[in-house]
Amino acid sequence: MKFIPTEIPEVILVEPDVFGDSRGFFLESYHEEKYREGGISGPFVQDNHSRSVKGVLRGLHAQVKRPQGKLVRVLQGAVFDVAVDIRRGSPTFGKWVGAELTGENHKQLWVPPGFAHGFLTLSESADFAYKCTNFYYPEDEVGILWSDPAIGIDWGALEPSLSEKDAVYPTLVGADAGLPVYEGTSL
């Protein structure tokens, strides 16, 4: 199993060991000790599963007072998955990293607390699963506009299908006052 830091070191790409033959495959999708050693610690308290059709973009979402870390993966299909650092005062504030996660490559992405998360469905449909380090609290959710030019995420050529709320979230600058603060920063 490989734990690969991205351009934002707290965001980690996980490449599990996959054992396969003509009958199928086996992999460990989570192993507490191995993940802790790889820089991903829980505890995880909630598992979620969503299905989206091609072109659906979900995000960018985060929680502020009760932030969630998310260990995300695709069970079937393909998505372009993105994590954006929204921690005020962070040296990587406003930076993003993305990875293609598929049911074929079995990769996972660790999106730490304090990061906004979103994904775009690339295949005809995709089943997306994720473990969370905190429960979902709708009243604590914040969102950042998926197309914020200051962040500059390259979502590719697909014209996304958005929920009403995802389409009208503020830009990062517009949401700044309500965002989490980077540890060690006095803002």
# chains A, B, ... in the order shown; residues from 1 in each chain; ligands from 1

$ select_by_dssp --residues "range 128-163 of chain A" --states "strand (DSSP E or B)" --output "PyMOL selection string"
chain A and resi 128-132+141-143+161

$ write_last_selection --atoms "C-alpha atoms" --output "PDB file, in the first residue's frame"
ATOM      1  CA  PHE A 128     -18.754   7.223  -4.764  1.00  0.00           C
ATOM      2  CA  ALA A 129     -18.033   6.137  -1.164  1.00  0.00           C
ATOM      3  CA  TYR A 130     -16.374   7.992   1.652  1.00  0.00           C
ATOM      4  CA  LYS A 131     -15.558   7.688   5.315  1.00  0.00           C
ATOM      5  CA  CYS A 132     -15.919  10.826   7.463  1.00  0.00           C
ATOM      6  CA  GLU A 141     -21.820  23.394   5.979  1.00  0.00           C
ATOM      7  CA  VAL A 142     -20.112  26.017   3.841  1.00  0.00           C
ATOM      8  CA  GLY A 143     -19.561  25.947   0.142  1.00  0.00           C
ATOM      9  CA  SER A 161     -24.783  19.537 -13.893  1.00  0.00           C
TER      10      SER A 161
END

$ atom_distance --atom1 "CA of Gly24 in chain A" --atom2 "CA of Gly55 in chain A"
28.9 Å

$ closest_residue --among "A:Met1, A:Ala126, A:Val56, A:Ala150" --to "Leu13 in chain A" --atoms "only C-alpha atoms"
A:Met1

$ closest_residue --among "A:Gly98, A:Pro112, A:Gly152, A:Pro5" --to "Gly42 in chain A" --atoms "only C-alpha atoms"
A:Pro112

$ closest_residue --among "A:Val84, A:Arg23, A:Asp17, A:Phe135" --to "Gln46 in chain A" --atoms "only C-alpha atoms"
A:Phe135

$ closest_residue --among "A:Val72, A:Ala175, A:Val82, A:Ile12" --to "Phe44 in chain A" --atoms "only C-alpha atoms"
A:Val72

$ residues_around --residues "range 59-61 of chain A" --least-positions-apart "2" --cutoff "12 Å" --atoms "only C-alpha atoms" --output "ChimeraX atom specification"
/A:56-57,63-64,67-70,80-86,96,111,113-121,136-138,140-148,151,153,160-172,175,179

$ atom_distance --atom1 "CA of Glu139 in chain A" --atom2 "CA of Asp176 in chain A"
17.2 Å

$ residues_around --residues "Glu28 in chain A" --least-positions-apart "4" --cutoff "12 Å" --atoms "only C-alpha atoms" --output "PyMOL selection string"
chain A and resi 1+14-19+32-35+106-108

$ select_by_dssp --residues "range 5-166 of chain A" --states "alpha helix (DSSP H)" --output "ChimeraX atom specification"
/A:32-37,164-166

$ closest_residue --among "A:Val53, A:Ala62, A:Ile8, A:Leu71" --to "Ser41 in chain A" --atoms "only C-alpha atoms"
A:Leu71

$ atom_distance --atom1 "CA of Arg36 in chain A" --atom2 "CA of Gly77 in chain A"
27.6 Å

$ closest_residue --among "A:Glu10, A:Ala78, A:Gly38, A:Arg51" --to "Ser90 in chain A" --atoms "only C-alpha atoms"
A:Glu10
